[in-house]
$ cat data31.txt   # compact mmCIF, C-alpha atoms
# COMPACT_ATOMS: atom_id res chain seq x y z
CA MET A 1091 46.35 30.35 -119.82
CA GLU A 1092 49.03 27.87 -120.78
CA LEU A 1093 50.69 25.75 -118.10
CA SER A 1094 54.44 25.54 -118.73
CA PRO A 1095 57.76 25.49 -116.85
CA ALA A 1096 58.34 29.14 -117.77
CA ARG A 1097 54.94 30.17 -116.38
CA LEU A 1098 55.52 28.17 -113.21
CA LEU A 1099 58.92 29.81 -112.72
CA GLN A 1100 57.24 33.22 -113.03
CA ILE A 1101 54.78 32.27 -110.27
CA LEU A 1102 57.47 30.84 -107.99
CA ARG A 1103 59.89 33.80 -108.21
CA PRO A 1104 58.26 35.79 -105.36
CA PHE A 1105 58.02 32.67 -103.17
CA PRO A 1106 60.68 32.31 -100.43
CA CYS A 1107 62.65 29.17 -101.26
CA SER A 1108 66.16 29.80 -99.92
CA GLY A 1109 65.70 26.77 -97.65
CA GLY A 1110 64.88 24.50 -100.60
CA VAL A 1111 61.70 23.31 -102.27
CA CYS A 1112 59.70 20.27 -101.18
CA LEU A 1113 56.74 18.85 -103.12
CA ALA A 1114 53.88 16.93 -101.52
CA LEU A 1115 53.24 14.19 -104.09
CA SER A 1116 50.08 12.07 -103.97
CA GLY A 1117 50.61 10.43 -107.36
CA GLY A 1118 47.39 11.91 -108.77
CA VAL A 1119 47.38 13.99 -111.93
CA ASP A 1120 47.67 17.37 -110.16
CA SER A 1121 50.81 16.68 -108.11
CA HIS A 1122 52.31 14.57 -110.94
CA VAL A 1123 52.03 17.56 -113.29
CA LEU A 1124 53.59 19.88 -110.72
CA LEU A 1125 56.47 17.43 -110.19
CA HIS A 1126 57.02 17.16 -113.94
CA LEU A 1127 57.10 20.96 -114.30
CA LEU A 1128 59.53 21.37 -111.38
CA ALA A 1129 61.82 18.65 -112.75
CA ARG A 1130 61.85 20.36 -116.16
CA LEU A 1131 62.95 23.59 -114.49
CA GLY A 1132 66.04 21.89 -113.10
CA GLY A 1133 68.70 24.42 -112.12
CA GLU A 1134 66.44 27.33 -113.05
CA LEU A 1135 64.49 26.66 -109.87
CA GLY A 1136 67.45 28.02 -107.90
CA ALA A 1137 66.84 25.67 -104.98
CA GLY A 1138 67.14 21.99 -104.21
CA LEU A 1139 64.02 19.90 -104.88
CA ARG A 1140 62.83 16.88 -102.91
CA VAL A 1141 59.51 15.04 -102.62
CA LEU A 1142 57.38 13.76 -99.74
CA HIS A 1143 54.65 11.16 -100.21
CA CYS A 1144 52.17 10.45 -97.40
CA ASN A 1145 50.92 6.88 -97.17
CA HIS A 1146 47.66 7.00 -95.22
CA GLY A 1147 47.19 3.24 -95.45
CA LEU A 1148 43.44 3.74 -95.97
CA GLN A 1149 43.17 2.07 -99.38
CA PRO A 1150 44.20 -1.47 -100.39
CA GLN A 1151 46.33 0.08 -103.16
CA ALA A 1152 48.19 2.43 -100.78
CA LYS A 1153 51.51 0.59 -101.03
CA LEU A 1154 51.24 0.42 -104.81
CA TRP A 1155 50.70 4.19 -104.89
CA ALA A 1156 53.79 4.73 -102.73
CA THR A 1157 55.82 2.49 -105.06
CA HIS A 1158 54.49 4.39 -108.07
CA CYS A 1159 55.64 7.72 -106.55
CA VAL A 1160 59.08 6.32 -105.70
CA ASP A 1161 59.56 4.95 -109.23
CA LEU A 1162 58.36 8.23 -110.74
CA CYS A 1163 60.84 10.30 -108.70
CA ARG A 1164 63.72 7.93 -109.41
CA ALA A 1165 63.05 8.25 -113.15
CA LEU A 1166 63.22 12.04 -112.82
CA GLY A 1167 66.26 11.98 -110.51
CA VAL A 1168 64.42 13.65 -107.62
CA PRO A 1169 64.90 12.36 -104.01
CA ILE A 1170 61.72 11.15 -102.31
CA GLU A 1171 60.74 10.15 -98.78
CA VAL A 1172 57.60 8.13 -98.00
CA LEU A 1173 55.88 9.12 -94.74
CA GLU A 1174 53.89 6.28 -93.17
CA LEU A 1175 50.85 7.68 -91.35
CA ALA A 1176 49.19 5.88 -88.46
CA LEU A 1177 45.70 7.33 -88.65
CA VAL A 1178 43.68 6.98 -85.43
CA ARG A 1179 39.95 7.31 -86.07
CA THR A 1180 37.73 9.42 -83.81
CA PRO A 1181 34.13 8.14 -83.67
CA GLY A 1182 31.81 10.47 -85.58
CA ALA A 1183 34.64 12.54 -87.07
CA SER A 1184 35.09 13.08 -90.81
CA LEU A 1185 37.60 10.63 -92.30
CA GLU A 1186 38.48 13.21 -94.96
CA ALA A 1187 39.25 15.87 -92.32
CA GLU A 1188 41.21 13.47 -90.13
CA ALA A 1189 43.32 12.28 -93.08
CA ARG A 1190 44.03 15.88 -94.10
CA GLU A 1191 45.03 16.82 -90.56
CA ALA A 1192 47.32 13.79 -90.22
CA ARG A 1193 48.87 14.51 -93.62
CA TYR A 1194 49.71 18.14 -92.86
CA LEU A 1195 51.02 17.22 -89.42
CA ALA A 1196 53.40 14.68 -90.97
CA LEU A 1197 54.46 17.09 -93.73
CA GLY A 1198 55.11 19.82 -91.17
CA GLN A 1199 57.27 17.51 -89.07
CA ALA A 1200 59.28 16.48 -92.14
CA LEU A 1201 59.77 20.05 -93.40
CA ARG A 1202 63.20 21.61 -92.91
CA PRO A 1203 63.65 25.16 -91.51
CA GLY A 1204 62.88 27.77 -94.16
CA GLU A 1205 61.83 25.12 -96.70
CA LEU A 1206 58.99 25.82 -99.15
CA LEU A 1207 56.39 23.05 -99.28
CA LEU A 1208 54.42 23.03 -102.54
CA THR A 1209 51.03 21.41 -102.98
CA ALA A 1210 49.08 21.05 -106.21
CA GLN A 1211 45.64 22.44 -105.37
CA HIS A 1212 44.18 24.30 -108.34
CA GLN A 1213 41.37 26.71 -109.16
CA ASP A 1214 38.64 24.06 -109.13
CA ASP A 1215 39.80 22.86 -105.69
CA GLN A 1216 39.61 26.47 -104.52
CA ALA A 1217 36.04 26.81 -105.81
CA GLU A 1218 35.02 23.62 -103.98
CA THR A 1219 36.61 24.90 -100.78
CA VAL A 1220 34.76 28.23 -100.98
CA LEU A 1221 31.43 26.43 -101.42
CA LEU A 1222 32.17 24.03 -98.55
CA GLN A 1223 33.07 26.92 -96.24
CA LEU A 1224 29.96 28.84 -97.28
CA LEU A 1225 27.76 25.82 -96.51
CA ARG A 1226 29.42 25.53 -93.10
CA GLY A 1227 28.52 29.12 -92.28
CA SER A 1228 32.12 30.37 -92.28
CA GLY A 1229 33.09 34.04 -92.10
CA PRO A 1230 35.66 35.90 -94.23
CA ARG A 1231 38.61 33.82 -92.95
CA GLY A 1232 36.99 30.57 -94.02
CA LEU A 1233 35.68 31.99 -97.29
CA ALA A 1234 39.19 33.19 -98.14
CA ALA A 1235 39.81 29.44 -98.61
CA MET A 1236 43.39 28.48 -99.53
CA PRO A 1237 46.07 31.20 -99.73
CA GLU A 1238 48.68 31.02 -102.47
CA LEU A 1239 51.45 31.39 -99.87
CA ALA A 1240 51.41 31.10 -96.07
CA PRO A 1241 53.85 30.38 -93.21
CA PHE A 1242 53.91 26.68 -92.34
CA ALA A 1243 55.82 24.63 -89.76
CA GLY A 1244 59.00 26.71 -89.67
CA GLY A 1245 58.87 27.21 -93.44
CA TYR A 1246 56.23 28.07 -96.01
CA LEU A 1247 53.33 26.44 -97.83
CA GLY A 1248 52.84 27.44 -101.46
CA ARG A 1249 50.09 26.58 -103.95
CA PRO A 1250 51.38 27.75 -107.34
CA LEU A 1251 48.58 26.15 -109.40
CA LEU A 1252 45.65 28.10 -107.91
CA GLY A 1253 45.40 30.19 -111.08
CA PHE A 1254 44.90 27.11 -113.28
CA GLY A 1255 41.82 24.94 -113.69
CA ARG A 1256 41.63 21.16 -113.75
CA ARG A 1257 41.32 21.28 -117.55
CA HIS A 1258 44.69 23.06 -117.86
CA ILE A 1259 46.39 20.46 -115.70
CA GLU A 1260 44.87 17.47 -117.48
CA ALA A 1261 45.68 19.01 -120.89
CA TYR A 1262 49.35 19.32 -119.87
CA ALA A 1263 49.37 15.72 -118.59
CA ARG A 1264 47.97 14.38 -121.88
CA GLU A 1265 50.36 16.52 -123.92
CA GLN A 1266 53.36 15.16 -121.99
CA GLY A 1267 52.07 11.58 -121.97
CA LEU A 1268 52.06 11.33 -118.17
CA GLY A 1269 50.57 8.40 -116.27
CA TRP A 1270 49.01 8.94 -112.87
CA ILE A 1271 47.01 7.31 -110.10
CA GLU A 1272 43.22 7.47 -110.06
CA ASP A 1273 41.97 7.35 -106.46
CA GLY A 1274 38.67 5.48 -106.42
CA SER A 1275 37.58 7.30 -103.26
CA ASN A 1276 37.25 10.47 -105.35
CA GLN A 1277 34.01 8.98 -106.69
CA ASP A 1278 32.52 8.46 -103.20
CA LEU A 1279 29.52 10.80 -103.12
CA THR A 1280 29.09 10.40 -99.37
CA LEU A 1281 32.05 12.78 -99.03
CA ASP A 1282 30.97 16.42 -99.18
CA ARG A 1283 33.71 17.57 -101.52
CA ASN A 1284 33.01 14.76 -104.00
CA PHE A 1285 29.27 15.50 -103.90
CA LEU A 1286 29.96 19.13 -104.79
CA ARG A 1287 32.49 18.17 -107.47
CA HIS A 1288 30.34 15.60 -109.28
CA GLN A 1289 26.76 16.67 -108.58
CA VAL A 1290 26.52 20.36 -107.69
CA ILE A 1291 29.29 22.19 -109.54
CA PRO A 1292 28.55 20.69 -113.00
CA LEU A 1293 24.96 21.92 -112.64
CA LEU A 1294 26.10 25.40 -111.55
CA ARG A 1295 28.53 25.53 -114.48
CA GLN A 1296 25.71 25.05 -116.92
CA ARG A 1297 24.39 28.46 -115.84
CA TRP A 1298 27.69 30.11 -114.83
CA PRO A 1299 30.56 28.70 -116.95
CA GLY A 1300 33.14 30.88 -115.19
CA LEU A 1301 32.19 29.55 -111.76
CA ALA A 1302 35.67 28.48 -110.59
CA SER A 1303 37.29 31.76 -111.61
CA THR A 1304 34.50 33.80 -110.00
CA LEU A 1305 34.60 31.90 -106.70
CA SER A 1306 38.40 32.19 -106.59
CA ARG A 1307 38.06 35.95 -107.04
CA SER A 1308 35.57 36.04 -104.16
CA ALA A 1309 38.09 34.13 -102.02
CA ARG A 1310 40.71 36.80 -102.73
CA HIS A 1311 38.25 39.55 -101.73
CA CYS A 1312 37.49 37.72 -98.47
CA ALA A 1313 41.21 37.33 -97.77
CA GLU A 1314 41.67 41.11 -98.14
CA ALA A 1315 38.66 41.77 -95.91
CA GLN A 1316 40.10 39.45 -93.27
CA LEU A 1317 43.39 41.36 -93.31
CA ILE A 1318 41.48 44.56 -92.50
CA LEU A 1319 39.55 42.81 -89.72
CA ASP A 1320 42.79 41.50 -88.24
CA GLU A 1321 44.34 44.97 -88.30
CA MET A 1322 41.35 46.37 -86.39
CA ALA A 1323 41.40 43.45 -83.95
CA GLU A 1324 45.09 44.04 -83.25
CA GLN A 1325 44.35 47.69 -82.45
CA ASP A 1326 41.61 46.57 -80.05
CA ARG A 1327 43.87 43.91 -78.53
CA GLN A 1328 46.53 46.50 -77.69
CA GLN A 1329 43.90 48.54 -75.82
CA VAL A 1330 42.35 45.59 -73.98
CA VAL A 1331 45.22 43.16 -73.28
CA ARG A 1332 47.04 43.16 -69.93
CA ALA A 1333 50.78 42.63 -69.36
CA ASP A 1334 50.21 38.91 -69.75
CA PRO A 1335 49.14 38.36 -73.40
CA ARG A 1336 46.82 35.55 -72.25
CA VAL A 1337 44.70 37.97 -70.22
CA LEU A 1338 42.23 40.59 -71.43
CA ASP A 1339 40.80 43.34 -69.24
CA CYS A 1340 37.11 42.50 -68.82
CA ALA A 1341 35.93 46.08 -68.32
CA ARG A 1342 37.64 47.31 -71.48
CA LEU A 1343 36.46 44.30 -73.47
CA ALA A 1344 32.86 44.98 -72.35
CA GLU A 1345 33.13 48.54 -73.72
CA LEU A 1346 33.61 47.29 -77.28
CA ALA A 1347 30.63 46.90 -79.60
CA PRO A 1348 29.57 43.22 -79.75
CA HIS A 1349 30.89 42.66 -83.30
CA ARG A 1350 34.26 44.18 -82.35
CA GLY A 1351 34.33 42.04 -79.21
CA ARG A 1352 33.71 38.84 -81.17
CA SER A 1353 36.33 39.78 -83.75
CA LEU A 1354 38.87 40.51 -81.01
CA LEU A 1355 38.19 37.21 -79.23
CA ARG A 1356 38.73 35.25 -82.45
CA TYR A 1357 41.95 37.10 -83.21
CA TRP A 1358 43.25 36.84 -79.63
CA LEU A 1359 42.57 33.12 -79.23
CA ARG A 1360 44.00 32.31 -82.64
CA GLY A 1361 47.15 34.27 -81.80
CA LEU A 1362 47.54 32.21 -78.62
CA GLY A 1363 47.38 29.00 -80.64
CA LEU A 1364 44.01 27.98 -79.20
CA PRO A 1365 41.08 26.71 -81.28
CA VAL A 1366 38.44 29.36 -81.87
CA PRO A 1367 34.96 28.44 -80.53
CA ASN A 1368 31.82 28.83 -82.59
CA SER A 1369 29.76 32.03 -82.70
CA GLU A 1370 27.37 30.83 -79.99
CA ARG A 1371 30.19 30.30 -77.50
CA LEU A 1372 31.81 33.62 -78.40
CA GLU A 1373 28.49 35.28 -77.57
CA GLN A 1374 28.39 33.39 -74.26
CA ILE A 1375 31.83 34.75 -73.37
CA LEU A 1376 30.68 38.32 -73.93
CA VAL A 1377 27.29 37.93 -72.24
CA THR A 1378 27.53 35.15 -69.66
CA VAL A 1379 31.18 35.23 -68.60
CA LEU A 1380 31.62 39.01 -68.63
CA GLY A 1381 28.12 39.63 -67.29
CA ALA A 1382 28.31 37.33 -64.26
CA ALA A 1383 28.09 38.85 -60.77
CA PRO A 1384 31.35 40.40 -59.47
CA ASP A 1385 31.78 37.70 -56.80
CA ARG A 1386 31.64 34.88 -59.36
CA GLN A 1387 34.51 33.26 -61.28
CA PRO A 1388 32.76 31.95 -64.39
CA LYS A 1389 34.42 29.87 -67.09
CA LEU A 1390 33.53 28.61 -70.55
CA VAL A 1391 35.06 25.46 -72.02
CA TRP A 1392 35.13 24.16 -75.60
CA PRO A 1393 37.23 21.44 -77.30
CA GLY A 1394 40.87 22.47 -76.96
CA GLY A 1395 40.40 25.71 -75.01
CA GLU A 1396 38.69 27.59 -72.20
CA VAL A 1397 38.40 31.08 -70.73
CA ARG A 1398 38.01 31.98 -67.02
CA ARG A 1399 37.21 35.33 -65.43
CA PHE A 1400 39.40 36.09 -62.43
CA ARG A 1401 40.11 39.43 -60.72
CA GLY A 1402 38.72 41.46 -63.61
CA GLY A 1403 40.69 39.61 -66.23
CA LEU A 1404 39.61 37.14 -68.91
CA HIS A 1405 42.20 34.34 -68.92
CA ALA A 1406 42.62 32.03 -71.93
CA LEU A 1407 44.19 28.62 -71.48
CA GLU A 1408 44.05 25.01 -72.52
CA PRO A 1409 41.38 23.01 -70.64
CA LEU A 1410 42.51 22.16 -67.11
CA PRO A 1411 42.01 18.63 -65.72

$ encode --input "data31.txt" --output "structure tokens"
Amino acid sequence: MELSPARLLQILRPFPCSGGVCLALSGGVDSHVLLHLLARLGGELGAGLRVLHCNHGLQPQAKLWATHCVDLCRALGVPIEVLELALVRTPGASLEAEAREARYLALGQALRPGELLLTAQHQDDQAETVLLQLLRGSGPRGLAAMPELAPFAGGYLGRPLLGFGRRHIEAYAREQGLGWIEDGSNQDLTLDRNFLRHQVIPLLRQRWPGLASTLSRSARHCAEAQLILDEMAEQDRQQVVRADPRVLDCARLAELAPHRGRSLLRYWLRGLGLPVPNSERLEQILVTVLGAAPDRQPKLVWPGGEVRRFRGGLHALEPLP
């Protein structure tokens, strides 16, 4: 499948972009290609285009990368803003995950109402994400990986290159004579994604050449399955929730089959903006919190959230001091 401005325009037509289009540009080959395609579209895009570059400050070359992105956008006549990130490390936490979280937080804060943020993840990235989620024991929501379009920070997040592989993107870059940044950290095999990319996936491709396409198809199936689960959970929520949306009726919740109860708890907590606990803690809510003696007021706490049973209701809230 050829990567071209006309094909990109076809993909972008259903995307909501009345508030303008914003590209997250790293300077690597993927986002450089997407910028080049968008710039070639010009007025056909039907919306103003601007660029955001996040400077994590984690590499010695970070400032050079930011300068490269600024020069690139100036040459194409596209406005760019560099976001300086102050990354605070948490002991024992994944640097890759922390950098990603800080990046999306900064992008969300910089996004304008109704604006469409585009990122350049492609089919091979999607395959890596599916494998990572599978190895983490994720359910259908995690295995659905990255959606092509989703609400984001008062606007939308779009990934128009998910149907194209890395080879398509690099072929376009060579054909157009583009120059891009090579991030040395992408060779660091201590990072899970790099280990999969360089060690595991090439081996799997020897046996299953269509691996990326197949895993992306599985992600779409999981996304559809999750939609069905959410519809069922919403039906259960309407039967179990009290007047206050942060409170579920314990007796009605206990009547649900365990798998329905766990699904409802995930859906309910996510809808309240609280982090969803792991499966073990969800089971503790259903067994320990709901099953405690009537005169008790049990609670269960996890990072970023807690539930307390009080007067027959299960209350969800952020952890109290």

$ residues_around --input "data31.txt" --residues "Ile1101 (chain A)" --least-positions-apart "3" --cutoff "12 Å" --atoms "all atoms listed in the file" --output "list in words"
Leu1093, Ser1094, Pro1095, Ala1096, Arg1097, Leu1098, Pro1104, Phe1105, Pro1106, Leu1128, Leu1135, Glu1238, Leu1239, Gly1248, Arg1249, Pro1250, Leu1251, Leu1252, Gly1253 and Phe1254 of chain A

$ residues_around --input "data31.txt" --residues "Pro1393 (chain A)" --least-positions-apart "3" --cutoff "12 Å" --atoms "all atoms listed in the file" --output "ChimeraX atom specification"
/A:1364-1368,1371,1390,1396-1397,1407-1410

$ write_last_selection --input "data31.txt" --atoms "C-alpha atoms" --output "PDB file, keeping the file's coordinate frame"
ATOM      1  CA  LEU A1364      44.010  27.980 -79.200  1.00  0.00           C
ATOM      2  CA  PRO A1365      41.080  26.710 -81.280  1.00  0.00           C
ATOM      3  CA  VAL A1366      38.440  29.360 -81.870  1.00  0.00           C
ATOM      4  CA  PRO A1367      34.960  28.440 -80.530  1.00  0.00           C
ATOM      5  CA  ASN A1368      31.820  28.830 -82.590  1.00  0.00           C
ATOM      6  CA  ARG A1371      30.190  30.300 -77.500  1.00  0.00           C
ATOM      7  CA  LEU A1390      33.530  28.610 -70.550  1.00  0.00           C
ATOM      8  CA  GLU A1396      38.690  27.590 -72.200  1.00  0.00           C
ATOM      9  CA  VAL A1397      38.400  31.080 -70.730  1.00  0.00           C
ATOM     10  CA  LEU A1407      44.190  28.620 -71.480  1.00  0.00           C
ATOM     11  CA  GLU A1408      44.050  25.010 -72.520  1.00  0.00           C
ATOM     12  CA  PRO A1409      41.380  23.010 -70.640  1.00  0.00           C
ATOM     13  CA  LEU A1410      42.510  22.160 -67.110  1.00  0.00           C
TER      14      LEU A1410
END

$ atom_distance --input "data31.txt" --atom1 "CA of Arg1327 (chain A)" --atom2 "CA of Glu1373 (chain A)"
17.7 Å

$ residues_around --input "data31.txt" --residues "Pro1384 (chain A)" --least-positions-apart "2" --cutoff "9 Å" --atoms "only C-alpha atoms" --output "number ranges by chain"
A: 1381-1382, 1386-1387, 1401-1402

$ closest_residue --input "data31.txt" --among "A:Gln1277, A:Gln1329, A:Ser1108, A:Thr1304" --to "Gly1204 (chain A)" --atoms "all atoms listed in the file"
A:Ser1108

$ residues_around --input "data31.txt" --residues "His1143 (chain A)" --least-positions-apart "5" --cutoff "9 Å" --atoms "all atoms listed in the file" --output "PyMOL selection string"
chain A and resi 1113-1117+1156+1159-1160+1170-1174+1197

$ residues_around --input "data31.txt" --residues "Asp1334 (chain A)" --least-positions-apart "3" --cutoff "12 Å" --atoms "only C-alpha atoms" --output "PDB file with C-alpha atoms, in the frame of the given file"
ATOM      1  CA  ARG A1327      43.870  43.910 -78.530  1.00  0.00           C
ATOM      2  CA  GLN A1328      46.530  46.500 -77.690  1.00  0.00           C
ATOM      3  CA  VAL A1330      42.350  45.590 -73.980  1.00  0.00           C
ATOM      4  CA  VAL A1331      45.220  43.160 -73.280  1.00  0.00           C
ATOM      5  CA  VAL A1337      44.700  37.970 -70.220  1.00  0.00           C
ATOM      6  CA  LEU A1338      42.230  40.590 -71.430  1.00  0.00           C
ATOM      7  CA  ASP A1339      40.800  43.340 -69.240  1.00  0.00           C
ATOM      8  CA  LEU A1362      47.540  32.210 -78.620  1.00  0.00           C
ATOM      9  CA  GLY A1403      40.690  39.610 -66.230  1.00  0.00           C
ATOM     10  CA  LEU A1404      39.610  37.140 -68.910  1.00  0.00           C
ATOM     11  CA  HIS A1405      42.200  34.340 -68.920  1.00  0.00           C
ATOM     12  CA  ALA A1406      42.620  32.030 -71.930  1.00  0.00           C
TER      13      ALA A1406
END

$ closest_residue --input "data31.txt" --among "A:Asp1214, A:Leu1247, A:His1146, A:Arg1356" --to "His1288 (chain A)" --atoms "all atoms listed in the file"
A:Asp1214

$ closest_residue --input "data31.txt" --among "A:Gly1167, A:Gly1232, A:Gly1363, A:Gly1147" --to "Leu1125 (chain A)" --atoms "all atoms listed in the file"
A:Gly1167

$ residues_near_point --input "data31.txt" --point "(40.8, 5.2, -96.5)" --cutoff "10 Å" --atoms "only C-alpha atoms" --output "list in words"
His1146, Gly1147, Leu1148, Gln1149, Pro1150, Ala1152, Leu1177, Leu1185, Glu1186, Ala1189 and Ser1275 of chain A

$ write_last_selection --input "data31.txt" --atoms "C-alpha atoms" --output "mmCIF file, in the frame of the given file"
data_model
loop_
_atom_site.group_PDB
_atom_site.id
_atom_site.type_symbol
_atom_site.label_atom_id
_atom_site.label_comp_id
_atom_site.auth_asym_id
_atom_site.auth_seq_id
_atom_site.Cartn_x
_atom_site.Cartn_y
_atom_site.Cartn_z
ATOM 1 C CA HIS A 1146 47.660 7.000 -95.220
ATOM 2 C CA GLY A 1147 47.190 3.240 -95.450
ATOM 3 C CA LEU A 1148 43.440 3.740 -95.970
ATOM 4 C CA GLN A 1149 43.170 2.070 -99.380
ATOM 5 C CA PRO A 1150 44.200 -1.470 -100.390
ATOM 6 C CA ALA A 1152 48.190 2.430 -100.780
ATOM 7 C CA LEU A 1177 45.700 7.330 -88.650
ATOM 8 C CA LEU A 1185 37.600 10.630 -92.300
ATOM 9 C CA GLU A 1186 38.480 13.210 -94.960
ATOM 10 C CA ALA A 1189 43.320 12.280 -93.080
ATOM 11 C CA SER A 1275 37.580 7.300 -103.260
#

$ atom_distance --input "data31.txt" --atom1 "CA of Pro1203 (chain A)" --atom2 "CA of Gly1109 (chain A)"
6.7 Å

$ atom_distance --input "data31.txt" --atom1 "CA of Ala1235 (chain A)" --atom2 "CA of Asp1326 (chain A)"
25.3 Å

$ decode --input "data31.txt" --residues "region 1339-1359 of chain A" --atoms "N, CA and C atoms" --output "compact mmCIF listing (two decimals), in the first residue's frame"
# COMPACT_ATOMS: atom_id res chain seq x y z
N ASP A 1339 -24.66 0.43 44.94
CA ASP A 1339 -25.40 -0.30 45.96
C ASP A 1339 -24.75 -1.67 46.16
N CYS A 1340 -24.28 -1.92 47.37
CA CYS A 1340 -23.52 -3.15 47.65
C CYS A 1340 -24.36 -4.41 47.42
N ALA A 1341 -25.61 -4.39 47.85
CA ALA A 1341 -26.45 -5.58 47.72
C ALA A 1341 -26.67 -5.94 46.26
N ARG A 1342 -26.93 -4.92 45.43
CA ARG A 1342 -27.14 -5.20 44.00
C ARG A 1342 -25.85 -5.62 43.32
N LEU A 1343 -24.74 -5.01 43.72
CA LEU A 1343 -23.45 -5.40 43.15
C LEU A 1343 -23.14 -6.86 43.48
N ALA A 1344 -23.45 -7.28 44.71
CA ALA A 1344 -23.17 -8.66 45.13
C ALA A 1344 -24.01 -9.68 44.37
N GLU A 1345 -25.14 -9.25 43.79
CA GLU A 1345 -25.99 -10.15 43.03
C GLU A 1345 -25.42 -10.50 41.66
N LEU A 1346 -24.50 -9.67 41.17
CA LEU A 1346 -23.93 -9.92 39.85
C LEU A 1346 -22.96 -11.10 39.90
N ALA A 1347 -22.86 -11.81 38.79
CA ALA A 1347 -21.84 -12.86 38.68
C ALA A 1347 -20.46 -12.21 38.83
N PRO A 1348 -19.48 -12.92 39.37
CA PRO A 1348 -18.17 -12.31 39.63
C PRO A 1348 -17.54 -11.62 38.41
N HIS A 1349 -17.64 -12.24 37.23
CA HIS A 1349 -17.02 -11.62 36.05
C HIS A 1349 -17.74 -10.33 35.66
N ARG A 1350 -19.07 -10.30 35.87
CA ARG A 1350 -19.82 -9.06 35.59
C ARG A 1350 -19.46 -7.99 36.63
N GLY A 1351 -19.28 -8.43 37.88
CA GLY A 1351 -18.92 -7.49 38.93
C GLY A 1351 -17.57 -6.85 38.67
N ARG A 1352 -16.60 -7.65 38.27
CA ARG A 1352 -15.26 -7.11 37.97
C ARG A 1352 -15.31 -6.16 36.79
N SER A 1353 -16.06 -6.54 35.77
CA SER A 1353 -16.19 -5.67 34.59
C SER A 1353 -16.84 -4.34 34.95
N LEU A 1354 -17.88 -4.40 35.77
CA LEU A 1354 -18.56 -3.18 36.21
C LEU A 1354 -17.62 -2.28 37.01
N LEU A 1355 -16.86 -2.87 37.94
CA LEU A 1355 -15.95 -2.07 38.76
C LEU A 1355 -14.92 -1.35 37.88
N ARG A 1356 -14.37 -2.06 36.91
CA ARG A 1356 -13.40 -1.42 36.01
C ARG A 1356 -14.04 -0.24 35.28
N TYR A 1357 -15.20 -0.49 34.72
CA TYR A 1357 -15.91 0.53 33.94
C TYR A 1357 -16.29 1.72 34.81
N TRP A 1358 -16.79 1.45 36.00
CA TRP A 1358 -17.24 2.50 36.93
C TRP A 1358 -16.08 3.37 37.37
N LEU A 1359 -14.99 2.75 37.80
CA LEU A 1359 -13.83 3.51 38.28
C LEU A 1359 -13.20 4.33 37.16
